[in-house]
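Asker: If it helps, the file is called work07.cif and holds mmCIF, C-alpha atoms:
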data_work
#
loop_
_atom_site.label_atom_id
_atom_site.label_comp_id
_atom_site.auth_asym_id
_atom_site.auth_seq_id
_atom_site.Cartn_x
_atom_site.Cartn_y
_atom_site.Cartn_z
CA MET A 1 2.31 -18.66 0.49
CA PRO A 2 2.34 -15.68 -1.89
CA TYR A 3 0.91 -16.21 -5.38
CA PRO A 4 3.20 -15.80 -8.40
CA PRO A 5 3.86 -12.11 -9.13
CA LEU A 6 2.60 -12.53 -12.68
CA LEU A 7 -0.82 -13.65 -11.39
CA VAL A 8 -1.05 -10.80 -8.93
CA LYS A 9 0.19 -8.05 -11.24
CA PRO A 10 -3.18 -7.31 -12.89
CA MET A 11 -4.84 -7.27 -9.45
CA ARG A 12 -2.37 -4.62 -8.36
CA GLU A 13 -2.79 -2.65 -11.57
CA GLU A 14 -6.56 -2.67 -11.31
CA LEU A 15 -6.16 -0.27 -8.41
CA THR A 16 -2.98 1.58 -9.33
CA SER A 17 -4.46 2.50 -12.71
CA ALA A 18 -7.23 4.27 -10.78
CA GLY A 19 -4.72 6.39 -8.90
CA VAL A 20 -4.29 4.17 -5.87
CA LYS A 21 -0.71 4.26 -4.56
CA GLU A 22 0.72 0.87 -3.67
CA LEU A 23 2.52 0.73 -0.33
CA LEU A 24 5.06 -2.07 -0.59
CA THR A 25 7.08 -1.68 2.61
CA PRO A 26 6.43 -0.75 6.24
CA ALA A 27 8.37 2.47 5.66
CA GLU A 28 6.03 3.42 2.82
CA VAL A 29 3.03 2.68 5.04
CA ASP A 30 4.46 4.78 7.85
CA ALA A 31 5.15 7.69 5.52
CA TRP A 32 1.66 7.53 4.03
CA MET A 33 -0.04 7.25 7.41
CA ALA A 34 2.07 10.05 8.86
CA GLN A 35 0.17 12.53 6.72
CA LYS A 36 -2.80 13.16 8.98
CA SER A 37 -4.55 16.05 7.33
CA GLY A 38 -7.30 15.49 4.83
CA THR A 39 -9.21 12.38 3.84
CA ALA A 40 -7.87 9.02 2.75
CA ILE A 41 -8.81 5.50 1.75
CA LEU A 42 -6.60 2.50 2.42
CA VAL A 43 -7.44 -0.75 0.65
CA VAL A 44 -6.21 -4.14 1.84
CA ASN A 45 -6.07 -5.85 -1.54
CA SER A 46 -6.39 -9.61 -1.94
CA VAL A 47 -6.38 -12.37 -4.53
CA CYS A 48 -9.62 -13.75 -3.09
CA GLY A 49 -12.12 -14.38 -5.86
CA CYS A 50 -15.06 -14.43 -3.46
CA ALA A 51 -14.69 -10.78 -2.55
CA ALA A 52 -11.73 -9.00 -4.12
CA GLY A 53 -13.09 -9.60 -7.61
CA SER A 54 -15.91 -7.18 -6.85
CA ALA A 55 -14.01 -5.00 -4.36
CA ARG A 56 -11.47 -3.68 -6.85
CA PRO A 57 -13.91 -2.56 -9.57
CA GLY A 58 -16.19 -1.24 -6.82
CA ILE A 59 -13.38 0.88 -5.44
CA ARG A 60 -12.55 2.12 -8.93
CA GLN A 61 -16.17 3.18 -9.44
CA ALA A 62 -16.32 4.84 -6.03
CA LEU A 63 -13.16 6.82 -6.71
CA ALA A 64 -14.95 8.39 -9.65
CA HIS A 65 -17.67 9.69 -7.30
CA GLU A 66 -18.00 13.44 -6.97
CA VAL A 67 -16.97 13.29 -3.32
CA ARG A 68 -13.85 11.20 -2.88
CA PRO A 69 -10.83 10.97 -0.60
CA ASP A 70 -7.81 13.22 -1.03
CA ARG A 71 -5.47 10.23 -1.03
CA ALA A 72 -5.80 6.56 -1.88
CA ALA A 73 -3.40 3.73 -1.14
CA SER A 74 -3.33 -0.05 -0.92
CA VAL A 75 -1.37 -2.89 0.61
CA PHE A 76 -1.60 -6.43 -0.72
CA ALA A 77 -2.45 -9.11 1.85
CA GLY A 78 -0.62 -12.39 1.37
CA GLN A 79 1.88 -10.68 -0.93
CA ASP A 80 3.46 -7.70 0.79
CA LEU A 81 3.30 -9.21 4.26
CA GLU A 82 5.22 -6.65 6.29
CA ALA A 83 3.52 -3.66 4.70
CA THR A 84 0.12 -5.24 5.29
CA ALA A 85 0.92 -5.98 8.93
CA ARG A 86 2.08 -2.42 9.45
CA ALA A 87 -1.05 -1.03 7.83
CA ARG A 88 -3.28 -3.24 9.98
CA GLY A 89 -1.47 -1.91 13.01
CA HIS A 90 -3.25 1.38 12.38
CA PHE A 91 -6.61 -0.28 13.09
CA ALA A 92 -5.35 -2.95 15.45
CA ASP A 93 -8.63 -3.44 17.28
CA ILE A 94 -10.30 -4.65 14.09
CA PRO A 95 -9.83 -8.32 13.14
CA PRO A 96 -7.74 -8.70 9.98
CA SER A 97 -9.61 -9.56 6.81
CA SER A 98 -8.95 -9.12 3.14
CA PRO A 99 -10.08 -7.52 1.06
CA SER A 100 -11.07 -4.73 3.38
CA ILE A 101 -11.30 -0.96 3.15
CA ALA A 102 -10.51 1.74 5.70
CA LEU A 103 -11.48 5.40 5.47
CA PHE A 104 -9.53 8.02 7.41
CA ARG A 105 -10.26 11.63 8.15
CA ASN A 106 -7.46 13.73 9.59
CA GLY A 107 -5.69 10.50 10.46
CA GLU A 108 -8.65 9.03 12.35
CA LEU A 109 -10.36 5.84 11.21
CA VAL A 110 -13.96 6.81 10.49
CA TYR A 111 -15.31 3.87 8.48
CA PHE A 112 -14.30 0.28 7.85
CA VAL A 113 -15.57 -2.28 5.38
CA PRO A 114 -14.56 -5.82 6.41
CA ARG A 115 -14.38 -8.67 3.95
CA HIS A 116 -17.76 -10.13 4.88
CA ARG A 117 -19.48 -6.90 3.82
CA ILE A 118 -18.03 -7.39 0.32
CA GLU A 119 -18.51 -11.14 -0.15
CA GLY A 120 -21.26 -12.05 -2.58
CA ARG A 121 -21.90 -8.45 -3.62
CA ASP A 122 -21.26 -7.01 -7.04
CA ALA A 123 -18.99 -4.08 -7.82
CA ALA A 124 -21.88 -1.64 -8.14
CA ALA A 125 -23.11 -2.46 -4.64
CA VAL A 126 -19.62 -2.05 -3.19
CA ALA A 127 -19.24 1.27 -5.03
CA GLN A 128 -22.64 2.49 -3.83
CA ASP A 129 -21.77 1.80 -0.19
CA LEU A 130 -18.39 3.47 -0.51
CA ALA A 131 -19.82 6.51 -2.26
CA ALA A 132 -22.36 6.87 0.54
CA ALA A 133 -19.53 6.71 3.08
CA PHE A 134 -17.57 9.32 1.09
CA ASP A 135 -20.63 11.59 1.19
CA ARG A 136 -21.08 11.02 4.90
CA PHE A 137 -17.50 11.44 6.07
CA PHE A 138 -15.72 13.39 3.35
CA ALA A 139 -18.29 15.86 2.02
CA VAL A 140 -17.43 18.59 4.49
CA PRO A 141 -13.95 20.12 4.57
CA ALA A 142 -11.52 17.96 6.50
CA SER A 143 -10.76 20.89 8.78
CA SER A 144 -14.34 20.61 10.10
CA PRO A 145 -15.52 17.96 12.57
CA ALA A 146 -16.47 14.66 10.90
CA ALA A 147 -20.09 13.83 10.30
CA GLY A 148 -21.54 11.36 12.79
CA MET B 149 -10.74 -10.95 -11.38
CA GLY B 150 -9.73 -13.31 -8.60
CA THR B 151 -9.08 -16.89 -7.70
CA PHE B 152 -11.99 -19.33 -7.57
CA HIS B 153 -12.46 -22.90 -6.44
CA HIS B 154 -15.25 -24.47 -8.42
CA ASP B 155 -14.97 -27.84 -6.70
CA ARG B 156 -16.15 -26.46 -3.36
CA SER B 157 -19.47 -25.57 -1.78
CA PRO B 158 -21.18 -22.37 -2.97
CA LEU B 159 -20.38 -21.00 0.48
CA HIS B 160 -16.64 -21.57 0.01
CA GLY B 161 -14.82 -18.39 0.98
CA ILE B 162 -17.90 -16.79 2.50
CA THR B 163 -17.92 -15.74 6.14
CA VAL B 164 -20.80 -17.50 7.85
CA VAL B 165 -22.55 -17.83 11.18
CA VAL B 166 -23.09 -21.45 12.19
CA GLU B 167 -25.77 -22.04 14.81
CA THR B 168 -25.67 -25.37 16.61
CA CYS B 169 -27.99 -27.35 18.83
CA GLY B 170 -25.41 -27.02 21.61
CA PRO B 171 -24.04 -23.94 23.39
CA GLU B 172 -21.58 -23.15 20.57
CA LEU B 173 -22.08 -20.49 17.96
CA TYR B 174 -19.37 -20.25 15.32
CA VAL B 175 -18.37 -17.45 12.96
CA GLY B 176 -15.74 -18.12 10.34
CA ARG B 177 -14.87 -18.42 6.69
CA CYS B 178 -16.54 -21.45 5.17
CA ASP B 179 -14.03 -23.73 3.51
CA ASP B 180 -16.51 -26.41 2.56
CA GLU B 181 -19.79 -27.94 3.65
CA ASP B 182 -21.69 -31.07 2.76
CA GLU B 183 -24.18 -33.47 4.31
CA ARG B 184 -21.61 -34.61 6.87
CA GLN B 185 -19.97 -31.44 8.13
CA VAL B 186 -19.28 -27.74 7.89
CA VAL B 187 -15.62 -26.76 7.77
CA LEU B 188 -14.65 -23.26 8.85
CA LEU B 189 -11.29 -21.51 8.67
CA ASP B 190 -10.10 -18.64 10.86
CA ALA B 191 -13.15 -18.96 13.05
CA ASP B 192 -14.20 -17.78 16.47
CA VAL B 193 -16.66 -19.50 18.76
CA HIS B 194 -19.06 -18.18 21.36
CA ARG B 195 -20.19 -20.54 24.08
CA GLU B 196 -23.29 -19.75 26.04
CA ALA B 197 -22.73 -19.37 29.78
CA GLU B 198 -19.03 -18.66 29.35
CA ALA B 199 -17.39 -15.51 30.58
CA GLY B 200 -17.09 -12.85 27.92
CA PRO B 201 -19.55 -10.99 25.76
CA ALA B 202 -23.15 -12.11 25.55
CA ARG B 203 -24.24 -13.92 22.42
CA ALA B 204 -25.99 -10.88 20.97
CA GLU B 205 -22.96 -8.67 21.59
CA PHE B 206 -20.65 -11.29 20.05
CA LEU B 207 -22.81 -11.36 16.93
CA ARG B 208 -23.17 -7.58 16.80
CA ARG B 209 -19.42 -7.09 16.94
CA ALA B 210 -18.84 -9.87 14.39
CA ALA B 211 -21.33 -8.28 12.00
CA GLU B 212 -19.65 -4.92 12.44
CA VAL B 213 -15.97 -5.80 11.95
CA GLY B 214 -15.61 -9.60 11.70
CA VAL B 215 -13.99 -12.04 14.12
CA TRP B 216 -10.49 -12.88 15.25
CA GLY B 217 -9.44 -16.17 13.69
CA LYS B 218 -8.79 -17.97 16.96
CA LEU B 219 -9.50 -21.39 15.44
CA ARG B 220 -7.41 -22.02 12.35
CA ARG B 221 -9.74 -24.83 11.21
CA VAL B 222 -12.84 -26.22 12.84
CA VAL B 223 -15.02 -29.10 11.67
CA ILE B 224 -18.63 -29.00 12.86
CA PRO B 225 -20.65 -32.21 12.40
CA ARG B 226 -23.75 -31.52 10.32
CA SER B 227 -25.82 -33.31 12.98
CA GLN B 228 -25.06 -30.42 15.35
CA VAL B 229 -25.75 -27.64 12.85
CA THR B 230 -29.15 -25.97 13.01
CA GLU B 231 -28.50 -23.03 10.68
CA VAL B 232 -25.80 -21.59 8.43
CA ARG B 233 -26.18 -18.00 7.28
CA ARG B 234 -23.94 -15.36 5.81
CA LEU B 235 -22.44 -12.93 8.33
CA GLY B 236 -22.84 -10.17 5.77
CA GLU B 237 -26.61 -10.58 5.94
CA LEU B 238 -26.75 -9.53 9.58
CA GLU B 239 -27.75 -5.95 10.26
CA VAL B 240 -24.98 -3.80 11.69
#
As a first step, turn the structure in this file into C-alpha coordinates.

Answerer:
Amino acid sequence: MPYPPLLVKPMREELTSAGVKELLTPAEVDAWMAQKSGTAILVVNSVCGCAAGSARPGIRQALAHEVRPDRAASVFAGQDLEATARARGHFADIPPSSPSIALFRNGELVYFVPRHRIEGRDAAAVAQDLAAAFDRFFAVPASSPAAG
Amino acid sequence: MGTFHHDRSPLHGITVVVETCGPELYVGRCDDEDERQVVLLDADVHREAEAGPARAEFLRRAAEVGVWGKLRRVVIPRSQVTEVRRLGELEV
(Lines of atoms letter the chains of each structure in order from A and count residues from 1; the text may use other names and numbers.)
(Lines give C-alpha, C1' and ligand atoms only; values in the text may rest on other atoms or scores of the structure.)
Protein backbone atom coordinates (compact mmCIF):
# COMPACT_ATOMS: atom_id res chain seq x y z
CA MET A 1 0.00 0.00 0.00
CA PRO A 2 1.51 3.36 -0.96
CA TYR A 3 2.61 5.67 1.86
CA PRO A 4 0.90 9.06 2.25
CA PRO A 5 2.15 11.53 -0.37
CA LEU A 6 3.16 13.99 2.34
CA LEU A 7 5.55 11.42 3.85
CA VAL A 8 7.06 10.56 0.50
CA LYS A 9 7.41 14.12 -0.81
CA PRO A 10 10.75 14.88 0.86
CA MET A 11 12.11 11.53 -0.34
CA ARG A 12 11.22 12.51 -3.88
CA GLU A 13 12.65 16.00 -3.47
CA GLU A 14 15.92 14.69 -2.10
CA LEU A 15 16.65 13.44 -5.59
CA THR A 16 14.81 15.96 -7.75
CA SER A 17 16.65 18.81 -6.04
CA ALA A 18 19.88 17.20 -7.28
CA GLY A 19 18.66 17.28 -10.87
CA VAL A 20 17.10 13.83 -11.00
CA LYS A 21 13.99 13.79 -13.19
CA GLU A 22 11.06 11.91 -11.71
CA LEU A 23 9.32 9.53 -14.11
CA LEU A 24 5.74 9.20 -12.89
CA THR A 25 4.08 7.25 -15.70
CA PRO A 26 4.98 4.42 -18.07
CA ALA A 27 4.88 6.91 -20.94
CA GLU A 28 7.47 9.08 -19.20
CA VAL A 29 9.65 6.02 -18.63
CA ASP A 30 9.35 5.01 -22.27
CA ALA A 31 10.24 8.48 -23.47
CA TRP A 32 13.25 8.68 -21.16
CA MET A 33 14.49 5.21 -22.08
CA ALA A 34 13.98 5.86 -25.78
CA GLN A 35 16.91 8.25 -25.74
CA LYS A 36 19.74 5.78 -26.23
CA SER A 37 22.72 7.99 -26.81
CA GLY A 38 24.93 9.06 -23.96
CA THR A 39 25.11 7.95 -20.35
CA ALA A 40 22.34 7.73 -17.79
CA ILE A 41 21.46 6.71 -14.26
CA LEU A 42 18.05 5.42 -13.26
CA VAL A 43 17.25 5.20 -9.55
CA VAL A 44 14.49 3.02 -8.15
CA ASN A 45 13.63 5.14 -5.13
CA SER A 46 12.09 3.68 -1.99
CA VAL A 47 10.81 4.62 1.45
CA CYS A 48 12.92 1.86 3.00
CA GLY A 49 14.88 3.21 5.95
CA CYS A 50 17.33 0.32 5.88
CA ALA A 51 18.77 1.31 2.52
CA ALA A 52 17.11 4.28 0.85
CA GLY A 53 18.11 6.57 3.70
CA SER A 54 21.73 6.23 2.62
CA ALA A 55 21.06 5.65 -1.09
CA ARG A 56 19.57 9.08 -1.76
CA PRO A 57 22.33 11.18 -0.17
CA GLY A 58 24.87 8.82 -1.71
CA ILE A 59 23.41 9.40 -5.15
CA ARG A 60 23.41 13.15 -4.55
CA GLN A 61 27.10 13.04 -3.63
CA ALA A 62 27.93 10.86 -6.62
CA LEU A 63 26.16 13.23 -8.99
CA ALA A 64 28.58 15.92 -7.88
CA HIS A 65 31.52 13.75 -9.02
CA GLU A 66 33.63 15.08 -11.87
CA VAL A 67 32.54 12.21 -14.11
CA ARG A 68 28.78 11.78 -14.03
CA PRO A 69 25.97 10.60 -16.28
CA ASP A 70 24.45 12.84 -18.94
CA ARG A 71 20.95 12.16 -17.63
CA ALA A 72 19.47 11.12 -14.31
CA ALA A 73 15.97 9.89 -13.55
CA SER A 74 14.06 8.02 -10.88
CA VAL A 75 10.92 5.99 -10.36
CA PHE A 76 9.42 5.45 -6.92
CA ALA A 77 8.77 1.82 -5.95
CA GLY A 78 5.60 1.26 -3.98
CA GLN A 79 4.32 4.69 -5.02
CA ASP A 80 4.34 5.03 -8.79
CA LEU A 81 3.64 1.37 -9.45
CA GLU A 82 3.15 1.36 -13.21
CA ALA A 83 6.14 3.58 -13.91
CA THR A 84 8.32 1.40 -11.69
CA ALA A 85 7.15 -1.79 -13.40
CA ARG A 86 7.86 -0.29 -16.80
CA ALA A 87 11.32 0.82 -15.73
CA ARG A 88 12.12 -2.63 -14.33
CA GLY A 89 11.10 -4.07 -17.67
CA HIS A 90 14.27 -2.56 -19.08
CA PHE A 91 16.37 -4.86 -16.87
CA ALA A 92 13.89 -7.71 -16.65
CA ASP A 93 16.45 -10.41 -15.95
CA ILE A 94 17.41 -8.74 -12.68
CA PRO A 95 15.25 -9.46 -9.61
CA PRO A 96 13.34 -6.36 -8.49
CA SER A 97 14.65 -4.61 -5.41
CA SER A 98 14.40 -1.12 -4.04
CA PRO A 99 16.23 1.04 -3.67
CA SER A 100 18.39 0.07 -6.60
CA ILE A 101 20.44 1.90 -9.19
CA ALA A 102 20.98 1.19 -12.89
CA LEU A 103 23.62 2.77 -15.10
CA PHE A 104 23.15 2.87 -18.87
CA ARG A 105 25.52 3.67 -21.66
CA ASN A 106 24.06 4.20 -25.11
CA GLY A 107 20.91 2.50 -23.88
CA GLU A 108 22.72 -0.60 -22.61
CA LEU A 109 22.69 -1.56 -18.94
CA VAL A 110 26.33 -1.54 -17.85
CA TYR A 111 26.12 -1.56 -14.04
CA PHE A 112 23.51 -2.36 -11.43
CA VAL A 113 23.44 -1.80 -7.69
CA PRO A 114 20.81 -3.98 -6.01
CA ARG A 115 19.33 -3.14 -2.64
CA HIS A 116 21.54 -5.54 -0.70
CA ARG A 117 24.64 -3.67 -1.86
CA ILE A 118 23.25 -0.53 -0.21
CA GLU A 119 21.85 -1.97 3.04
CA GLY A 120 23.89 -1.11 6.11
CA ARG A 121 26.23 1.22 4.23
CA ASP A 122 26.48 4.95 4.73
CA ALA A 123 25.96 7.58 2.05
CA ALA A 124 29.68 8.13 1.56
CA ALA A 125 30.25 4.45 0.79
CA VAL A 126 27.35 4.41 -1.69
CA ALA A 127 28.71 7.57 -3.33
CA GLN A 128 32.22 6.14 -3.52
CA ASP A 129 31.01 3.00 -5.30
CA LEU A 130 28.90 4.99 -7.72
CA ALA A 131 31.68 7.44 -8.49
CA ALA A 132 33.99 4.51 -9.23
CA ALA A 133 31.36 3.10 -11.60
CA PHE A 134 30.99 6.51 -13.27
CA ASP A 135 34.76 6.59 -13.79
CA ARG A 136 34.76 3.07 -15.16
CA PHE A 137 31.81 3.29 -17.52
CA PHE A 138 31.29 6.98 -18.25
CA ALA A 139 34.78 8.49 -18.35
CA VAL A 140 35.29 7.88 -22.05
CA PRO A 141 33.00 9.50 -24.62
CA ALA A 142 29.76 7.58 -25.01
CA SER A 143 30.46 7.19 -28.71
CA SER A 144 33.40 4.94 -27.78
CA PRO A 145 33.06 1.31 -26.65
CA ALA A 146 32.33 0.96 -22.92
CA ALA A 147 35.10 0.06 -20.54
CA GLY A 148 35.08 -3.58 -19.45
CA MET B 1 15.52 9.82 5.78
CA GLY B 2 13.40 6.69 5.66
CA THR B 3 11.05 4.49 7.59
CA PHE B 4 12.40 2.45 10.50
CA HIS B 5 11.03 -0.26 12.75
CA HIS B 6 12.76 -0.08 16.09
CA ASP B 7 10.81 -2.99 17.58
CA ARG B 8 12.41 -5.52 15.23
CA SER B 9 15.69 -7.39 15.05
CA PRO B 10 18.78 -5.42 13.98
CA LEU B 11 18.65 -7.49 10.80
CA HIS B 12 15.12 -6.29 9.98
CA GLY B 13 15.06 -5.16 6.36
CA ILE B 14 18.48 -6.59 5.60
CA THR B 15 18.89 -9.20 2.87
CA VAL B 16 20.49 -12.26 4.42
CA VAL B 17 21.75 -15.72 3.59
CA VAL B 18 20.42 -18.36 5.96
CA GLU B 19 22.39 -21.60 6.08
CA THR B 20 20.62 -24.61 7.56
CA CYS B 21 21.61 -28.04 8.77
CA GLY B 22 19.43 -29.50 6.02
CA PRO B 23 19.68 -29.23 2.23
CA GLU B 24 18.02 -25.79 2.17
CA LEU B 25 19.83 -22.52 1.77
CA TYR B 26 17.67 -19.41 1.92
CA VAL B 27 18.24 -15.87 0.69
CA GLY B 28 15.70 -13.21 1.54
CA ARG B 29 14.91 -10.01 3.37
CA CYS B 30 14.94 -10.57 7.10
CA ASP B 31 11.68 -9.49 8.69
CA ASP B 32 12.56 -10.60 12.18
CA GLU B 33 14.65 -13.14 14.05
CA ASP B 34 14.80 -14.35 17.62
CA GLU B 35 15.75 -17.45 19.57
CA ARG B 36 12.87 -19.41 18.03
CA GLN B 37 12.95 -18.57 14.34
CA VAL B 38 14.17 -16.50 11.44
CA VAL B 39 11.45 -14.92 9.31
CA LEU B 40 12.28 -13.96 5.73
CA LEU B 41 10.21 -12.06 3.18
CA ASP B 42 10.51 -12.28 -0.60
CA ALA B 43 12.95 -15.14 -0.31
CA ASP B 44 14.33 -17.80 -2.60
CA VAL B 45 15.57 -21.21 -1.56
CA HIS B 46 18.23 -23.49 -2.97
CA ARG B 47 17.96 -27.18 -2.21
CA GLU B 48 20.99 -29.36 -2.61
CA ALA B 49 20.58 -32.19 -5.11
CA GLU B 50 17.71 -30.45 -6.89
CA ALA B 51 17.78 -29.60 -10.55
CA GLY B 52 18.90 -26.06 -11.23
CA PRO B 53 22.02 -24.10 -10.49
CA ALA B 54 24.62 -25.45 -8.10
CA ARG B 55 24.78 -23.93 -4.65
CA ALA B 56 27.84 -21.82 -5.44
CA GLU B 57 26.26 -20.49 -8.63
CA PHE B 58 23.01 -19.72 -6.78
CA LEU B 59 24.96 -17.72 -4.20
CA ARG B 60 27.12 -16.01 -6.80
CA ARG B 61 24.09 -14.83 -8.75
CA ALA B 62 22.31 -13.78 -5.54
CA ALA B 63 25.33 -11.74 -4.46
CA GLU B 64 25.49 -10.11 -7.87
CA VAL B 65 21.87 -9.06 -8.42
CA GLY B 66 19.71 -10.47 -5.60
CA VAL B 67 17.03 -13.15 -5.71
CA TRP B 68 13.53 -13.49 -7.08
CA GLY B 69 11.05 -13.37 -4.21
CA LYS B 70 9.51 -16.76 -4.88
CA LEU B 71 8.51 -17.23 -1.23
CA ARG B 72 6.47 -14.31 0.06
CA ARG B 73 7.16 -15.28 3.68
CA VAL B 74 9.14 -18.16 5.09
CA VAL B 75 9.66 -19.10 8.74
CA ILE B 76 12.82 -21.08 9.47
CA PRO B 77 13.03 -22.72 12.91
CA ARG B 78 16.14 -21.53 14.74
CA SER B 79 16.99 -25.17 15.48
CA GLN B 80 17.67 -25.66 11.76
CA VAL B 81 19.70 -22.48 11.29
CA THR B 82 23.47 -22.83 11.32
CA GLU B 83 24.42 -19.34 10.11
CA VAL B 84 22.84 -16.02 9.16
CA ARG B 85 24.96 -13.53 7.24
CA ARG B 86 24.34 -10.45 5.16
CA LEU B 87 24.14 -11.06 1.42
CA GLY B 88 25.92 -7.76 0.87
CA GLU B 89 29.00 -9.16 2.60
CA LEU B 90 29.52 -11.80 -0.07
CA GLU B 91 32.12 -11.04 -2.70
CA VAL B 92 30.71 -10.48 -6.18

Asker: Under the rule that all atoms listed in the file are counted, which of B:Ala191, B:Val186, B:Ala210, B:Ile224 is the nearest residue to Glu237 (chain B)?

Answerer: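 Smallest distance to Glu237 (chain B) is found for B:Ala210.
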
Asker: Got a sec: who's within 7 Å of region 96-110 of chain A, counting all atoms listed in the file, leaving out chain neighbours fewer than 4 positions off, as a list of chain:residue names?

Answerer: A:Lys36, A:Ser37, A:Gly38, A:Thr39, A:Ala40, A:Ile41, A:Leu42, A:Val43, A:Val44, A:Asn45, A:Ser46, A:Ala51, A:Ala52, A:Ala77, A:Pro114, A:Arg115, A:Ala142

Asker: Using all atoms listed in the file, which chain A residues lie at most 9 Å away from chain B, written as JSON, numbers by chain?

Answerer: {"A": [10, 11, 46, 47, 48, 49, 50, 51, 52, 53, 54, 56, 94, 95, 96, 97, 112, 113, 114, 115, 116, 117, 118, 119, 120]}

Asker: Selection in question (the file shown): the PyMOL selection byres ((chain A and resi 24-34) around 7). Which residues does it include, as a list of chain:residue names?

Answerer: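 Matching residues under the PyMOL selection byres ((chain A and resi 24-34) around 7) are A:Glu22, A:Leu23, A:Gln35, A:Lys36, A:Val75, A:Asp80, A:Glu82, A:Ala83, A:Arg86, A:Ala87.
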
Asker: CA of Asp182 (chain B) and CA of Pro158 (chain B) are how many Å apart?

Answerer: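 Interatomic distance, CA of Asp182 (chain B) to CA of Pro158 (chain B): 10.4 Å.
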
Asker: Between CA of Ser74 (chain A) and CA of Cys178 (chain B), what distance in Å does the model show, to one decimal?

Answerer: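 These atoms are spaced 25.9 Å apart.
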
Asker: Just to confirm, what's the straight-line distance from CA of Pro171 (chain B) to CA of Arg195 (chain B) in Å (one decimal)?

Answerer: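 A separation of 5.2 Å between them.
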
Asker: Which of these, A:Val8, A:Val67, A:Ala125, A:Ala55, has the shortest distance to Gln79 (chain A) once you count only C-alpha atoms?

Answerer: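 Among A:Val8, A:Val67, A:Ala125, A:Ala55, it is A:Val8 that comes nearest to Gln79 (chain A).
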
Asker: Centre and edge lengths of an axis-aligned box around all listed atoms of region 21-24 of chain A, with 8 Å added on each side, are to be given in Å to one decimal, as lines of an AutoDock Vina configuration file.

Answerer:
center_x = 2.2
center_y = 1.1
center_z = -2.4
size_x = 21.8
size_y = 22.3
size_z = 20.2

Asker: So which one's closest to Glu172 (chain B), B:Ser157, B:Glu239, B:Val229, B:Glu196? Using all atoms listed in the file, please.

Answerer: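 Selected residue with least distance to Glu172 (chain B): B:Glu196.
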
Asker: Give the answer as one residue: which of A:Ala73, A:Gly19, A:Arg12, A:His65 has the shortest atom-to-atom distance to Ala139 (chain A), using all atoms listed in the file?

Answerer: A:His65

Asker: Counting all atoms listed in the file, what is within 8 Å of Val187 (chain B), bar same-chain residues fewer than 6 positions away, as a list of chain:residue names?

Answerer: B:Cys178, B:Asp179, B:Asp180, B:Glu181, B:Arg221, B:Val222, B:Val223, B:Ile224

Asker: Could you write those residues out with C-alpha atoms, as a JSON list (two decimals), in the frame of the given file?

Answerer:
[["chain", "number", "residue", "atom", "x", "y", "z"],
["B", 178, "CYS", "CA", -16.54, -21.45, 5.17],
["B", 179, "ASP", "CA", -14.03, -23.73, 3.51],
["B", 180, "ASP", "CA", -16.51, -26.41, 2.56],
["B", 181, "GLU", "CA", -19.79, -27.94, 3.65],
["B", 221, "ARG", "CA", -9.74, -24.83, 11.21],
["B", 222, "VAL", "CA", -12.84, -26.22, 12.84],
["B", 223, "VAL", "CA", -15.02, -29.10, 11.67],
["B", 224, "ILE", "CA", -18.63, -29.00, 12.86]]
